[in-house]
$ cat input.csv   # CSV, C-alpha atoms and all ligand atoms
chain,number,residue,atom,x,y,z
A,17,MET,CA,15.0,20.2,-7.1
A,18,LEU,CA,11.5,19.9,-5.6
A,19,ARG,CA,11.5,18.5,-2.1
A,20,ARG,CA,10.1,14.9,-2.0
A,21,ASP,CA,6.9,14.5,-0.1
A,22,LYS,CA,7.2,12.4,3.0
A,23,LEU,CA,5.1,9.4,1.9
A,24,ASN,CA,7.0,9.1,-1.4
A,25,TYR,CA,10.2,9.4,0.5
A,26,TYR,CA,9.5,6.3,2.6
A,27,LEU,CA,8.1,4.5,-0.6
A,28,ASP,CA,11.4,5.4,-2.3
A,29,ILE,CA,13.2,3.6,0.5
A,30,ALA,CA,11.0,0.6,0.3
A,31,ASP,CA,11.7,0.6,-3.5
A,32,THR,CA,15.4,0.4,-2.7
A,33,VAL,CA,14.9,-2.3,-0.1
A,34,LEU,CA,13.2,-4.6,-2.6
A,35,ASN,CA,16.4,-4.7,-4.7
A,36,ARG,CA,17.7,-7.1,-2.1
A,37,GLY,CA,14.8,-9.5,-2.8
A,38,THR,CA,15.5,-13.0,-4.0
A,39,CYS,CA,12.3,-14.1,-5.7
A,40,LEU,CA,12.3,-14.6,-9.5
A,41,ARG,CA,8.7,-13.8,-9.8
A,42,ARG,CA,8.0,-10.6,-7.8
A,43,ASN,CA,9.9,-8.7,-5.2
A,44,TYR,CA,8.5,-6.4,-2.5
A,45,GLY,CA,10.1,-4.0,-0.1
A,46,ALA,CA,8.4,-3.0,3.1
A,47,VAL,CA,9.3,-0.3,5.6
A,48,ILE,CA,7.6,0.2,8.9
A,49,VAL,CA,7.6,3.8,10.2
A,50,LYS,CA,6.5,5.2,13.5
A,51,HIS,CA,6.7,8.9,14.5
A,52,ASP,CA,8.9,9.6,11.5
A,53,GLU,CA,11.4,6.9,12.4
A,54,ILE,CA,12.0,3.7,10.4
A,55,ILE,CA,11.5,0.8,12.8
A,56,SER,CA,12.3,-2.0,10.4
A,57,THR,CA,12.6,-3.0,6.8
A,58,GLY,CA,11.9,-6.3,5.0
A,59,TYR,CA,12.2,-7.8,1.5
A,60,THR,CA,11.1,-11.0,-0.2
A,61,GLY,CA,13.5,-13.8,0.7
A,62,ALA,CA,13.8,-17.4,1.7
A,63,PRO,CA,14.0,-18.3,5.4
A,64,ARG,CA,17.5,-17.8,6.7
A,65,GLY,CA,19.8,-20.6,5.7
A,66,ARG,CA,17.5,-22.0,3.1
A,67,LYS,CA,18.0,-21.6,-0.6
A,68,ASN,CA,16.4,-18.6,-2.3
A,69,CYS,CA,14.5,-18.7,-5.6
A,70,SER,CA,17.5,-16.9,-7.0
A,71,ASP,CA,19.9,-19.6,-5.8
A,72,LEU,CA,17.7,-22.3,-7.5
A,73,GLY,CA,17.2,-20.4,-10.7
A,74,TYR,CA,13.4,-20.6,-10.6
A,75,CYS,CA,10.4,-19.7,-8.6
A,76,LEU,CA,8.0,-22.7,-8.4
A,77,ARG,CA,5.0,-20.4,-8.6
A,78,THR,CA,6.2,-19.1,-12.0
A,79,GLU,CA,7.3,-22.6,-13.2
A,80,MET,CA,3.8,-24.0,-12.4
A,81,ASN,CA,1.9,-20.9,-13.7
A,82,ILE,CA,0.3,-20.4,-10.4
A,83,PRO,CA,-2.3,-17.6,-10.6
A,84,SER,CA,-1.7,-14.5,-8.6
A,85,GLY,CA,-3.2,-14.6,-5.1
A,86,THR,CA,-3.0,-18.4,-4.7
A,87,ASN,CA,-0.6,-21.1,-3.5
A,88,TYR,CA,1.9,-18.7,-1.9
A,89,GLU,CA,3.5,-21.7,-0.1
A,90,LEU,CA,5.0,-22.8,-3.4
A,91,CYS,CA,7.3,-19.8,-3.5
A,92,ARG,CA,10.2,-20.2,-1.0
A,93,SER,CA,10.1,-16.7,0.2
A,94,VAL,CA,9.0,-15.0,3.4
A,95,HIS,CA,7.0,-11.9,2.3
A,96,ALA,CA,8.5,-8.5,2.7
A,97,GLU,CA,5.8,-7.4,5.2
A,98,ALA,CA,6.3,-10.5,7.3
A,99,ASN,CA,10.1,-10.0,7.3
A,100,ALA,CA,9.6,-6.4,8.4
A,101,ILE,CA,7.1,-7.4,11.1
A,102,ILE,CA,9.4,-10.1,12.6
A,103,SER,CA,12.2,-7.6,12.8
A,104,ALA,CA,10.3,-5.2,15.0
A,105,SER,CA,8.6,-5.4,18.4
A,106,ARG,CA,4.8,-5.1,18.6
A,107,ARG,CA,5.2,-2.3,21.1
A,108,ASP,CA,7.0,-0.3,18.4
A,109,MET,CA,4.6,-1.3,15.7
A,110,MET,CA,1.4,-0.2,17.5
A,111,ASP,CA,-0.2,2.6,15.4
A,112,SER,CA,2.7,2.6,12.9
A,113,THR,CA,2.5,2.8,9.1
A,114,ILE,CA,3.9,0.2,6.7
A,115,PHE,CA,5.1,1.2,3.2
A,116,LEU,CA,4.9,-1.4,0.5
A,117,VAL,CA,6.4,-1.4,-3.0
A,118,GLY,CA,6.4,-4.4,-5.4
A,119,ARG,CA,8.1,-4.9,-8.7
A,120,GLU,CA,7.8,-7.7,-11.3
A,121,TYR,CA,11.1,-9.5,-11.7
A,122,SER,CA,10.9,-10.0,-15.4
A,123,THR,CA,10.2,-6.4,-16.4
A,124,GLY,CA,11.1,-4.4,-13.3
A,125,GLU,CA,7.7,-2.6,-13.5
A,126,TYR,CA,5.6,-1.9,-10.5
A,127,VAL,CA,3.2,-4.6,-9.7
A,128,GLU,CA,-0.2,-3.4,-10.9
A,129,ASN,CA,-2.8,-2.6,-8.3
A,130,THR,CA,-0.9,-4.6,-5.8
A,131,ASP,CA,-2.0,-5.4,-2.3
A,132,SER,CA,-0.8,-7.5,0.7
A,133,CYS,CA,-1.8,-11.2,0.5
A,134,ILE,CA,-4.3,-12.5,3.0
A,135,MET,CA,-1.7,-14.0,5.3
A,136,CYS,CA,0.3,-10.7,5.5
A,137,LYS,CA,-3.0,-8.8,6.1
A,138,ARG,CA,-3.6,-11.0,9.1
A,139,MET,CA,-0.1,-10.3,10.4
A,140,ILE,CA,-0.3,-6.6,9.8
A,141,ILE,CA,-3.6,-6.5,11.7
A,142,ASN,CA,-2.1,-8.4,14.7
A,143,ALA,CA,1.1,-6.4,14.6
A,144,GLY,CA,-1.0,-3.3,15.5
A,145,ILE,CA,0.0,-1.4,12.4
A,146,LYS,CA,-2.5,1.4,11.7
A,147,ASP,CA,-2.1,2.2,8.0
A,148,ILE,CA,-0.6,0.8,4.8
A,149,VAL,CA,0.7,2.9,2.0
A,150,ILE,CA,1.1,1.0,-1.3
A,151,ARG,CA,3.0,2.4,-4.3
A,152,ASP,CA,1.2,2.4,-7.7
A,153,ASP,CA,4.0,4.3,-9.5
A,154,LYS,CA,6.8,6.7,-8.8
A,155,GLU,CA,4.4,9.5,-7.7
A,156,ASN,CA,1.1,7.7,-6.9
A,157,TYR,CA,0.1,5.5,-4.0
A,158,ARG,CA,-2.9,4.3,-2.1
A,159,GLN,CA,-3.2,4.8,1.7
A,160,ILE,CA,-5.4,2.3,3.3
A,161,SER,CA,-6.5,2.1,6.9
A,162,VAL,CA,-5.9,-1.4,8.4
A,163,GLU,CA,-9.2,-0.8,10.2
A,164,LYS,CA,-10.8,-1.0,6.8
A,165,TRP,CA,-9.3,-4.5,6.2
A,166,ILE,CA,-10.8,-5.7,9.5
A,167,ALA,CA,-14.2,-4.3,8.6
A,168,GLU,CA,-14.0,-5.9,5.2
A,169,GLU,CA,-13.3,-9.3,6.6
A,170,LYS,CA,-14.5,-12.0,4.2
A,171,LEU,CA,-15.8,-15.2,5.8
A,172,PRO,CA,-14.3,-18.4,4.5
A,173,LYS,CA,-17.0,-19.2,2.0
A,174,GLU,CA,-17.0,-15.7,0.5
A,175,LEU,CA,-13.3,-15.8,0.3
A,176,SER,CA,-13.1,-19.0,-1.6
A,177,LYS,CA,-15.8,-17.7,-4.0
A,178,SER,CA,-14.0,-14.4,-4.6
A,179,ILE,CA,-10.6,-16.2,-5.2
A,180,ASN,CA,-12.3,-18.5,-7.7
A,181,GLU,CA,-14.0,-15.6,-9.5
A,182,GLU,CA,-10.8,-13.6,-9.6
A,183,GLU,CA,-8.9,-16.5,-11.2
A,184,GLY,CA,-11.8,-17.4,-13.5
A,185,ILE,CA,-12.2,-20.9,-12.0
B,201,ZN,ZN,9.7,-17.1,-5.6
B,202,ZN,ZN,2.2,-11.7,1.8
$ encode --input "input.csv" --output "structure tokens"
Amino acid sequence: MLRRDKLNYYLDIADTVLNRGTCLRRNYGAVIVKHDEIISTGYTGAPRGRKNCSDLGYCLRTEMNIPSGTNYELCRSVHAEANAIISASRRDMMDSTIFLVGREYSTGEYVENTDSCIMCKRMIINAGIKDIVIRDDKENYRQISVEKWIAEEKLPKELSKSINEEEGI
């Protein structure tokens, strides 16, 4: 058997982590790695003690046909990236890499062209994480420098324009 390359190895782990996710729309798994050590993991799930989408039998974002990229507050879940970040110390996360994999609940397929949401991007930047590796499929991924997100910052007006355009509003 061919030896698995290192980035896909961590993505495979994130892919396993997401199986613990509780959202009925999409589940993500995140793994933060520094110096070849896993610092923490996170998956999509409601705040501790609160009911998950899977307990209720629905995700409000799906029920209400909320377009992708908007109204995240309507899903009960804390995002995988956020859960991984709150399980680690900032000192450990400085210059680390976060691996992210997302799957559609209904089909089990990888979320196409996925990306962290704007709130998670803010947290990843402030956590001091250096790179993000996002899985496109079993073999392919995109590696993005968090520096690039900072440089690409959209100002509030541009952001609302681009969300509207994306959603065809
Ligand atoms: Zn949900
Ligand atoms: Zn997010």
$ closest_residue --input "input.csv" --among "A:Glu163, A:Asp108, A:Asp153, A:Glu97" --to "A:Val33" --atoms "only C-alpha atoms"
A:Glu97
$ closest_residue --input "input.csv" --among "A:Thr38, A:Ser105, A:Thr86, A:Asn81" --to "ligand ZN 201 (chain B)" --atoms "all atoms listed in the file"
A:Thr38
$ closest_residue --input "input.csv" --among "A:Cys75, A:Cys136, A:Met80, A:Ile114" --to "ligand ZN 202 (chain B)" --atoms "all atoms listed in the file"
A:Cys136
$ residues_near_ligand --input "input.csv" --ligand "ligand ZN 202 (chain B)" --cutoff "7 Å" --atoms "all atoms listed in the file" --output "count of residues only"
8
$ closest_residue --input "input.csv" --among "A:Pro83, A:Met110, A:His51, A:Tyr59" --to "A:Ile29" --atoms "only C-alpha atoms"
A:Tyr59
$ residues_around --input "input.csv" --residues "A:Ile48" --least-positions-apart "4" --cutoff "12 Å" --atoms "all atoms listed in the file" --output "PyMOL selection string"
chain A and resi 23+26-27+29-30+33+52-59+96-106+108-116+140+143-149
$ residues_near_ligand --input "input.csv" --ligand "ligand ZN 201 (chain B)" --cutoff "7 Å" --atoms "all atoms listed in the file" --output "list in words"
Cys39, Leu40, Arg41, Cys69, Cys75, Leu76, Arg77, Cys91, Arg92 and Ser93 of chain A
$ atom_distance --input "input.csv" --atom1 "atom CA of A:Val47" --atom2 "atom CA of A:Thr130"
15.9 Å
$ closest_residue --input "input.csv" --among "A:Trp165, A:Tyr126, A:Arg36, A:Arg119" --to "A:Met139" --atoms "all atoms listed in the file"
A:Trp165
$ closest_residue --input "input.csv" --among "A:Lys177, A:Val117, A:Val94, A:Lys154" --to "A:Arg64" --atoms "all atoms listed in the file"
A:Val94
$ atom_distance --input "input.csv" --atom1 "atom CA of A:Asn24" --atom2 "atom CA of A:Tyr88"
28.3 Å
$ decode --input "input.csv" --residues "stretch 36-63 of chain A" --atoms "N, CA and C atoms" --output "mmCIF file, in the first residue's frame"
data_model
loop_
_atom_site.group_PDB
_atom_site.id
_atom_site.type_symbol
_atom_site.label_atom_id
_atom_site.label_comp_id
_atom_site.auth_asym_id
_atom_site.auth_seq_id
_atom_site.Cartn_x
_atom_site.Cartn_y
_atom_site.Cartn_z
ATOM 1 N N ARG A 36 -18.589 12.567 14.238
ATOM 2 C CA ARG A 36 -19.208 12.831 15.545
ATOM 3 C C ARG A 36 -20.117 14.054 15.485
ATOM 4 N N GLY A 37 -20.152 14.735 14.358
ATOM 5 C CA GLY A 37 -20.952 15.951 14.205
ATOM 6 C C GLY A 37 -22.438 15.675 14.392
ATOM 7 N N THR A 38 -23.173 16.710 14.793
ATOM 8 C CA THR A 38 -24.592 16.513 15.124
ATOM 9 C C THR A 38 -25.528 17.348 14.272
ATOM 10 N N CYS A 39 -24.996 18.078 13.280
ATOM 11 C CA CYS A 39 -25.884 18.906 12.462
ATOM 12 C C CYS A 39 -26.539 18.039 11.400
ATOM 13 N N LEU A 40 -27.748 18.404 11.017
ATOM 14 C CA LEU A 40 -28.463 17.634 9.998
ATOM 15 C C LEU A 40 -28.367 18.322 8.640
ATOM 16 N N ARG A 41 -27.487 19.307 8.547
ATOM 17 C CA ARG A 41 -27.291 20.000 7.276
ATOM 18 C C ARG A 41 -25.902 19.644 6.722
ATOM 19 N N ARG A 42 -24.890 20.049 7.479
ATOM 20 C CA ARG A 42 -23.505 19.750 7.087
ATOM 21 C C ARG A 42 -22.695 19.517 8.333
ATOM 22 N N ASN A 43 -21.744 18.633 8.241
ATOM 23 C CA ASN A 43 -20.836 18.429 9.368
ATOM 24 C C ASN A 43 -19.394 18.624 8.927
ATOM 25 N N TYR A 44 -18.659 19.249 9.812
ATOM 26 C CA TYR A 44 -17.239 19.504 9.560
ATOM 27 C C TYR A 44 -16.405 18.881 10.661
ATOM 28 N N GLY A 45 -15.189 18.530 10.289
ATOM 29 C CA GLY A 45 -14.206 18.103 11.270
ATOM 30 C C GLY A 45 -12.989 18.994 11.112
ATOM 31 N N ALA A 46 -12.420 19.401 12.236
ATOM 32 C CA ALA A 46 -11.224 20.248 12.194
ATOM 33 C C ALA A 46 -10.159 19.647 13.091
ATOM 34 N N VAL A 47 -8.932 19.698 12.625
ATOM 35 C CA VAL A 47 -7.799 19.196 13.398
ATOM 36 C C VAL A 47 -6.715 20.270 13.349
ATOM 37 N N ILE A 48 -6.227 20.669 14.513
ATOM 38 C CA ILE A 48 -5.147 21.659 14.559
ATOM 39 C C ILE A 48 -3.840 20.924 14.848
ATOM 40 N N VAL A 49 -2.854 21.189 13.997
ATOM 41 C CA VAL A 49 -1.578 20.470 14.077
ATOM 42 C C VAL A 49 -0.434 21.467 14.184
ATOM 43 N N LYS A 50 0.477 21.167 15.092
ATOM 44 C CA LYS A 50 1.691 21.985 15.190
ATOM 45 C C LYS A 50 2.896 21.073 15.388
ATOM 46 N N HIS A 51 3.928 21.315 14.627
ATOM 47 C CA HIS A 51 5.138 20.485 14.680
ATOM 48 C C HIS A 51 4.792 19.005 14.648
ATOM 49 N N ASP A 52 3.896 18.634 13.728
ATOM 50 C CA ASP A 52 3.519 17.226 13.561
ATOM 51 C C ASP A 52 2.841 16.601 14.764
ATOM 52 N N GLU A 53 2.236 17.450 15.580
ATOM 53 C CA GLU A 53 1.464 16.922 16.702
ATOM 54 C C GLU A 53 0.064 17.492 16.642
ATOM 55 N N ILE A 54 -0.923 16.647 16.903
ATOM 56 C CA ILE A 54 -2.302 17.129 16.949
ATOM 57 C C ILE A 54 -2.509 17.844 18.285
ATOM 58 N N ILE A 55 -2.900 19.115 18.193
ATOM 59 C CA ILE A 55 -3.130 19.918 19.400
ATOM 60 C C ILE A 55 -4.572 19.765 19.857
ATOM 61 N N SER A 56 -5.494 19.789 18.879
ATOM 62 C CA SER A 56 -6.897 19.621 19.255
ATOM 63 C C SER A 56 -7.728 19.271 18.037
ATOM 64 N N THR A 57 -8.946 18.833 18.316
ATOM 65 C CA THR A 57 -9.882 18.481 17.249
ATOM 66 C C THR A 57 -11.225 19.117 17.580
ATOM 67 N N GLY A 58 -12.056 19.276 16.568
ATOM 68 C CA GLY A 58 -13.395 19.816 16.812
ATOM 69 C C GLY A 58 -14.347 19.370 15.723
ATOM 70 N N TYR A 59 -15.600 19.230 16.105
ATOM 71 C CA TYR A 59 -16.622 18.912 15.100
ATOM 72 C C TYR A 59 -17.851 19.777 15.349
ATOM 73 N N THR A 60 -18.757 19.768 14.402
ATOM 74 C CA THR A 60 -19.966 20.572 14.458
ATOM 75 C C THR A 60 -20.896 20.043 15.553
ATOM 76 N N GLY A 61 -21.198 20.862 16.536
ATOM 77 C CA GLY A 61 -22.079 20.390 17.607
ATOM 78 C C GLY A 61 -22.624 21.526 18.448
ATOM 79 N N ALA A 62 -23.788 21.318 19.036
ATOM 80 C CA ALA A 62 -24.423 22.340 19.862
ATOM 81 C C ALA A 62 -23.575 22.615 21.104
ATOM 82 N N PRO A 63 -23.724 23.804 21.698
ATOM 83 C CA PRO A 63 -23.030 24.077 22.955
ATOM 84 C C PRO A 63 -23.351 22.992 23.982
#
